[in-house]
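What follows is a single structure, written as structure tokens, with notes after it.
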Amino acid sequence: QQLLDFHDGIGGWKLAKTHDEIHHTGKQLYEQKKCEYVDIPIVKSKTLQVENEWDQEELVNIVQEHNPIMVRAVFPGGGKSTIGRCMETLKGKRVLFVVPTNCLLQECDGEAVTVSKFFAISVGDEKMEKYDHSPFDVIVFDEIFCNDTYVLSRIQKFTEDHKDSKIIIGAGDTDQLPSITPITNTQNYKTYLDQCIDNIFGYNIWLFECKRLKNKADRDKLKCIKEDIFVNKLPFVDIILKYFRFTDKVELCENNIAYSNETCKKVSNAIRQMKGIDEEYVIGDKLICRKYMRTKHTTFHVNIKYEITGFDGNIVTLQNVKTKEEQTTMIWHLRSNFIYAYAYTCHSKQGCSIDDDVVIYDWNKNYCEREWYFTCITRARDLNQVMFYKYGDDIQV
């Protein structure tokens with residue numbers, strides 16, 4: 001306090017207590033200047049009208065004639081990804097889906113690659129090689145809103161460089177889960193992200209019906225559910241009581257959704273016991289890799305599902321359920337890095353469809369946002385098959 005002297009602004013000090021001379025750094029260098037705002041142009045993409053969104057021929061014609069294009073949907077399961085597949089079946093194009101997660105990679109019906117591999121973004125200590133996209137006529141960036149701004153900038157650069165030689169499609173909606181990496185902390189998330197997408201795609205179309213659901217009654221019901229979640233902002237327990245049902249036990253089903261990996265592990269272990277399998281692991285068991293693991297001979301990625309196909313002492317053979325590629329690892333790696341494949345986080349299941357019963361856990365956590373609830377519900381093809389685990393007896397059903 002004796003050495004420093006701030007009576008004349010920032011940066012005054014004495015060399016020693018006994019010195020009377022006060023040194024200044026030139027406070028004019030530190031004077032606060034008036035903040036000058038730069039006008040940032042807001043790009044608006046052109047919205048194209050769709051006469052009949054159930055007509056796949058009409059949709060692919062629009063996409064082919066307006067490039068690059070963003071396909072948005074009011075509801076998950078609106079048929080965004082289907083347009084990409086129709087480019088192959090109706091137009092004879094070779095299509096590549098670029099997806100944000102490994103779970104969606106395995107669920108994807110067609111040729112697909114993760115966004116990390118497509119842009120050679122290294123994961124862990126694995127060095128990624130440049131991906132060869134030259135054989136493909138159409139690139140579909142599926143669930144594009146799951147990507148952070150770095151990936152979006154890579155997509156923008158790719159689009160600028162290849163829009164004359166490839167058809168480039170974006171697909172997604174902002175009412176589902178956002179990127180795990182924060183997008184912005186200064187602006188409205190949805191508004192800002194929409195502007196980012198408009199900077200990439202010159203055209204966009206909207207789809208207004210949920211094709212994932214099997215009947216009109218469910219589609220009408222989903223419209224009411226969405227209004228209660230996002231417009232009326234009802235407490236979620238009230239939404240469950242209004243539209244769904246509770247279960248007070250772990251159900252013997254293979255499609256459970258939770259918020260945390262720990263809940264997924266507990267639910268999966270409970271279902272395993274319910275099946276009456278005494279052995280720790282048996283041939284035919286399906287496992288999900290929950291921790292990235294690289295050994296001398298092989299690599300296991302998070303959220304990839306495998307099936308056990310063989311044992312040789314402590315060596316276990318795992319087969320990728322989609323590619324059928326086989327890899328080996330030690331049994332103790334299964335215990336530390338894998339869980340039984342009976343439960344998934346909602347983040348890993350975004351973009352996927354479920355045909356059977358669905359039980360949703362962790363819904364009572366205060367950190368679950370409305371987008372999380374909505375994404376969980378809309379995985380199902382039949383809303384009557386959606387159940388919520390009942391926590392405690394204080395919920396009056």
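Labeling convention for the structure tokens: chains A, B, ... as they appear, residues from 1 per chain, ligands from 1 in order of appearance.
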Requested in this report: Might you pull out every residue within 10 Å of A:Ile168, with only C-alpha atoms counted and same-chain residues fewer than 2 positions away left off, and present them as number ranges by chain?
Outcome: A: 63-64, 66-70, 84, 95-96, 137-141, 155, 158-159, 162-166, 170, 201
Go ahead and write the residues just picked, N, CA, C and O atoms, as an mmCIF file, in the first residue's frame.
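What follows is the written file again.cif:
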data_model
loop_
_atom_site.group_PDB
_atom_site.id
_atom_site.type_symbol
_atom_site.label_atom_id
_atom_site.label_comp_id
_atom_site.auth_asym_id
_atom_site.auth_seq_id
_atom_site.Cartn_x
_atom_site.Cartn_y
_atom_site.Cartn_z
ATOM 1 N N VAL A 63 -34.593 -29.984 -53.291
ATOM 2 C CA VAL A 63 -33.227 -30.062 -52.777
ATOM 3 C C VAL A 63 -32.217 -30.038 -53.918
ATOM 4 O O VAL A 63 -31.179 -29.362 -53.841
ATOM 5 N N GLN A 64 -32.504 -30.748 -54.980
ATOM 6 C CA GLN A 64 -31.576 -30.827 -56.097
ATOM 7 C C GLN A 64 -31.431 -29.488 -56.819
ATOM 8 O O GLN A 64 -30.351 -29.161 -57.323
ATOM 9 N N HIS A 66 -31.923 -26.433 -55.413
ATOM 10 C CA HIS A 66 -31.550 -25.325 -54.525
ATOM 11 C C HIS A 66 -30.443 -25.811 -53.594
ATOM 12 O O HIS A 66 -30.718 -26.478 -52.585
ATOM 13 N N ASN A 67 -29.228 -25.447 -53.915
ATOM 14 C CA ASN A 67 -28.069 -25.960 -53.188
ATOM 15 C C ASN A 67 -27.171 -24.796 -52.747
ATOM 16 O O ASN A 67 -26.938 -23.871 -53.540
ATOM 17 N N PRO A 68 -26.691 -24.808 -51.495
ATOM 18 C CA PRO A 68 -26.958 -25.769 -50.415
ATOM 19 C C PRO A 68 -28.271 -25.441 -49.711
ATOM 20 O O PRO A 68 -28.727 -24.301 -49.748
ATOM 21 N N ILE A 69 -28.855 -26.429 -49.038
ATOM 22 C CA ILE A 69 -30.179 -26.242 -48.446
ATOM 23 C C ILE A 69 -30.235 -26.836 -47.041
ATOM 24 O O ILE A 69 -29.603 -27.857 -46.765
ATOM 25 N N MET A 70 -30.951 -26.160 -46.176
ATOM 26 C CA MET A 70 -31.172 -26.616 -44.809
ATOM 27 C C MET A 70 -32.601 -27.131 -44.687
ATOM 28 O O MET A 70 -33.556 -26.435 -45.049
ATOM 29 N N GLY A 84 -32.422 -37.242 -47.579
ATOM 30 C CA GLY A 84 -31.105 -37.669 -48.017
ATOM 31 C C GLY A 84 -31.128 -39.072 -48.604
ATOM 32 O O GLY A 84 -30.515 -39.335 -49.650
ATOM 33 N N VAL A 95 -24.940 -41.026 -51.430
ATOM 34 C CA VAL A 95 -25.165 -40.106 -50.317
ATOM 35 C C VAL A 95 -24.311 -40.503 -49.125
ATOM 36 O O VAL A 95 -24.218 -41.689 -48.770
ATOM 37 N N LEU A 96 -23.711 -39.520 -48.482
ATOM 38 C CA LEU A 96 -22.963 -39.731 -47.241
ATOM 39 C C LEU A 96 -23.603 -38.910 -46.130
ATOM 40 O O LEU A 96 -23.775 -37.695 -46.270
ATOM 41 N N ASP A 137 -21.896 -37.903 -54.053
ATOM 42 C CA ASP A 137 -22.559 -36.791 -54.756
ATOM 43 C C ASP A 137 -23.288 -35.864 -53.793
ATOM 44 O O ASP A 137 -23.453 -34.682 -54.067
ATOM 45 N N VAL A 138 -23.765 -36.435 -52.686
ATOM 46 C CA VAL A 138 -24.579 -35.686 -51.718
ATOM 47 C C VAL A 138 -23.976 -35.861 -50.324
ATOM 48 O O VAL A 138 -23.665 -36.983 -49.902
ATOM 49 N N ILE A 139 -23.805 -34.754 -49.606
ATOM 50 C CA ILE A 139 -23.341 -34.783 -48.214
ATOM 51 C C ILE A 139 -24.464 -34.248 -47.340
ATOM 52 O O ILE A 139 -24.948 -33.130 -47.552
ATOM 53 N N VAL A 140 -24.904 -35.054 -46.374
ATOM 54 C CA VAL A 140 -25.973 -34.657 -45.447
ATOM 55 C C VAL A 140 -25.378 -34.470 -44.063
ATOM 56 O O VAL A 140 -24.899 -35.441 -43.456
ATOM 57 N N PHE A 141 -25.393 -33.253 -43.557
ATOM 58 C CA PHE A 141 -24.955 -32.985 -42.184
ATOM 59 C C PHE A 141 -26.175 -33.151 -41.279
ATOM 60 O O PHE A 141 -26.960 -32.221 -41.080
ATOM 61 N N ILE A 155 -18.052 -26.758 -41.354
ATOM 62 C CA ILE A 155 -19.125 -27.065 -42.312
ATOM 63 C C ILE A 155 -19.310 -25.912 -43.285
ATOM 64 O O ILE A 155 -19.497 -26.112 -44.491
ATOM 65 N N PHE A 158 -16.472 -25.992 -45.772
ATOM 66 C CA PHE A 158 -16.652 -27.107 -46.697
ATOM 67 C C PHE A 158 -17.737 -26.783 -47.717
ATOM 68 O O PHE A 158 -17.593 -27.083 -48.909
ATOM 69 N N THR A 159 -18.810 -26.174 -47.259
ATOM 70 C CA THR A 159 -19.921 -25.828 -48.149
ATOM 71 C C THR A 159 -19.487 -24.824 -49.201
ATOM 72 O O THR A 159 -19.815 -24.952 -50.389
ATOM 73 N N HIS A 162 -17.305 -26.651 -51.863
ATOM 74 C CA HIS A 162 -17.789 -27.799 -52.626
ATOM 75 C C HIS A 162 -19.243 -27.668 -53.107
ATOM 76 O O HIS A 162 -19.773 -28.621 -53.678
ATOM 77 N N LYS A 163 -19.878 -26.536 -52.902
ATOM 78 C CA LYS A 163 -21.280 -26.414 -53.290
ATOM 79 C C LYS A 163 -21.483 -26.476 -54.801
ATOM 80 O O LYS A 163 -22.601 -26.754 -55.262
ATOM 81 N N ASP A 164 -20.431 -26.249 -55.572
ATOM 82 C CA ASP A 164 -20.563 -26.330 -57.022
ATOM 83 C C ASP A 164 -20.401 -27.756 -57.544
ATOM 84 O O ASP A 164 -20.779 -28.046 -58.685
ATOM 85 N N SER A 165 -19.861 -28.629 -56.717
ATOM 86 C CA SER A 165 -19.614 -29.998 -57.162
ATOM 87 C C SER A 165 -20.435 -31.041 -56.413
ATOM 88 O O SER A 165 -20.542 -32.182 -56.862
ATOM 89 N N LYS A 166 -21.023 -30.659 -55.286
ATOM 90 C CA LYS A 166 -21.810 -31.596 -54.495
ATOM 91 C C LYS A 166 -23.100 -30.939 -54.022
ATOM 92 O O LYS A 166 -23.166 -29.713 -53.875
ATOM 93 N N GLY A 170 -28.266 -29.725 -44.905
ATOM 94 C CA GLY A 170 -28.247 -29.702 -43.443
ATOM 95 C C GLY A 170 -29.590 -30.168 -42.925
ATOM 96 O O GLY A 170 -30.621 -29.951 -43.570
ATOM 97 N N PHE A 201 -26.241 -22.046 -45.255
ATOM 98 C CA PHE A 201 -27.150 -22.543 -46.287
ATOM 99 C C PHE A 201 -27.966 -21.393 -46.874
ATOM 100 O O PHE A 201 -28.605 -20.635 -46.143
#
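Residues lying within 8 Å of stretch 323-340 of chain A, counting only C-alpha atoms and ignoring same-chain neighbours fewer than 3 positions away, are Lys265, Ser268, Asn269, Arg272, Asp285, Lys286, Leu287, Ile288, Cys289, Arg290, Lys291, Tyr292, Met293, Thr298, Asn314, Ile315, Val316, Thr317, Leu318, Gln319, Asn320 and Ala343 of chain A.
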Query raised in the report: A:Lys365: which residues within 12 Å, counting only C-alpha atoms, same-chain residues fewer than 4 positions away excluded, as a ChimeraX atom specification?
Result: /A:236-237,258-260,263,360-361,369-370,372-373,391
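With only C-alpha atoms as the atoms that count, the minimum distance from A:Arg72 to the choices A:Glu107, A:Glu129, A:Glu58, A:Asp175 is reached by A:Asp175.
Using only C-alpha atoms, the smallest distance between any of A:Lys223, A:Arg212, A:Asn261, A:Glu371 and A:Asp355 comes from A:Arg212.
With only C-alpha atoms taken into account, the protein and nucleic acid residues at most 8 Å from A:Gly77 (excluding it and anything under 2 positions from it in its own chain) are A:Phe75, A:Gly79, A:Lys80, A:Cys210, A:Lys211, A:Arg212, A:Leu213, A:Gly351, A:Ser353, A:Thr378.
Using only C-alpha atoms for every distance, the candidate list A:Phe388, A:Tyr243, A:Tyr342, A:Tyr306 yields A:Tyr306 as the residue closest to A:Gln106.
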Report task. Mind the document's chain letters and residue numbers, and return as a PyMOL selection string the residues of stretch 84-316 of chain A that DSSP labels helix (DSSP H, G or I). Result -> chain A and resi 84-89+102-107+115-118+144-146+149-162+189-200+216-231+236-243+261-274
Query raised in the report: Hey, what does DSSP flag as strand (DSSP E or B) within stretch 108-265 of chain A? Can you give it to me as a ChimeraX atom specification?
Result: /A:112-114,123,126,138-141,167-172,203-207,245-247,256-258
Requested in this report: May I ask which of the residues A:Ile200, A:Ser81, A:Val74, A:Pro182 is the closest one to A:Lys46, counting only C-alpha atoms?
Outcome: A:Ile200
Query - Residue neighbourhood A:Phe118, 9 Å, only C-alpha atoms, exclusion window fewer than 2 positions, as a ChimeraX atom specification - result: /A:98,113-116,120-121,130-133
Resulting file, chosen residues, N, CA, C and O atoms, as an mmCIF file, in the first residue's frame:
data_model
loop_
_atom_site.group_PDB
_atom_site.id
_atom_site.type_symbol
_atom_site.label_atom_id
_atom_site.label_comp_id
_atom_site.auth_asym_id
_atom_site.auth_seq_id
_atom_site.Cartn_x
_atom_site.Cartn_y
_atom_site.Cartn_z
ATOM 1 N N VAL A 98 -23.213 -37.330 -42.470
ATOM 2 C CA VAL A 98 -22.207 -36.920 -41.491
ATOM 3 C C VAL A 98 -22.953 -36.642 -40.181
ATOM 4 O O VAL A 98 -23.769 -35.724 -40.109
ATOM 5 N N VAL A 113 -20.608 -41.384 -41.554
ATOM 6 C CA VAL A 113 -19.343 -41.156 -40.877
ATOM 7 C C VAL A 113 -19.588 -40.108 -39.799
ATOM 8 O O VAL A 113 -20.496 -39.262 -39.941
ATOM 9 N N THR A 114 -18.835 -40.155 -38.723
ATOM 10 C CA THR A 114 -18.987 -39.127 -37.694
ATOM 11 C C THR A 114 -18.360 -37.823 -38.171
ATOM 12 O O THR A 114 -17.451 -37.811 -39.010
ATOM 13 N N VAL A 115 -18.829 -36.725 -37.606
ATOM 14 C CA VAL A 115 -18.314 -35.413 -38.003
ATOM 15 C C VAL A 115 -16.837 -35.292 -37.638
ATOM 16 O O VAL A 115 -16.063 -34.631 -38.339
ATOM 17 N N SER A 116 -16.419 -35.969 -36.562
ATOM 18 C CA SER A 116 -15.003 -35.934 -36.162
ATOM 19 C C SER A 116 -14.125 -36.591 -37.217
ATOM 20 O O SER A 116 -13.065 -36.082 -37.571
ATOM 21 N N ALA A 120 -11.520 -34.888 -39.718
ATOM 22 C CA ALA A 120 -10.235 -35.292 -39.133
ATOM 23 C C ALA A 120 -9.961 -34.555 -37.830
ATOM 24 O O ALA A 120 -8.848 -34.050 -37.593
ATOM 25 N N ILE A 121 -10.986 -34.472 -36.968
ATOM 26 C CA ILE A 121 -10.837 -33.864 -35.645
ATOM 27 C C ILE A 121 -10.409 -34.969 -34.680
ATOM 28 O O ILE A 121 -11.147 -35.912 -34.438
ATOM 29 N N LYS A 130 -7.179 -37.592 -43.156
ATOM 30 C CA LYS A 130 -8.130 -36.849 -43.971
ATOM 31 C C LYS A 130 -9.109 -37.810 -44.632
ATOM 32 O O LYS A 130 -8.724 -38.820 -45.218
ATOM 33 N N TYR A 131 -10.403 -37.480 -44.528
ATOM 34 C CA TYR A 131 -11.437 -38.368 -45.058
ATOM 35 C C TYR A 131 -11.654 -38.094 -46.545
ATOM 36 O O TYR A 131 -11.729 -36.934 -46.978
ATOM 37 N N ASP A 132 -11.769 -39.153 -47.306
ATOM 38 C CA ASP A 132 -11.973 -39.024 -48.753
ATOM 39 C C ASP A 132 -13.473 -39.023 -49.066
ATOM 40 O O ASP A 132 -14.129 -40.059 -49.057
ATOM 41 N N HIS A 133 -14.022 -37.843 -49.345
ATOM 42 C CA HIS A 133 -15.449 -37.716 -49.656
ATOM 43 C C HIS A 133 -15.699 -37.634 -51.160
ATOM 44 O O HIS A 133 -16.834 -37.431 -51.600
#
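When only C-alpha atoms are used to measure the gap to A:Asp248, the shortest distance among A:Ile62, A:Ile271, A:Tyr389, A:Cys146 belongs to A:Tyr389.
Considering only C-alpha atoms, the residue among A:Phe230, A:Phe145, A:Tyr203, A:Tyr150 positioned nearest to A:Lys44 is A:Tyr203.
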Query raised in the report: What is the distance between atom CA of A:Lys233 and atom CA of A:Tyr189, in Å to one decimal?
Result: 17.8 Å
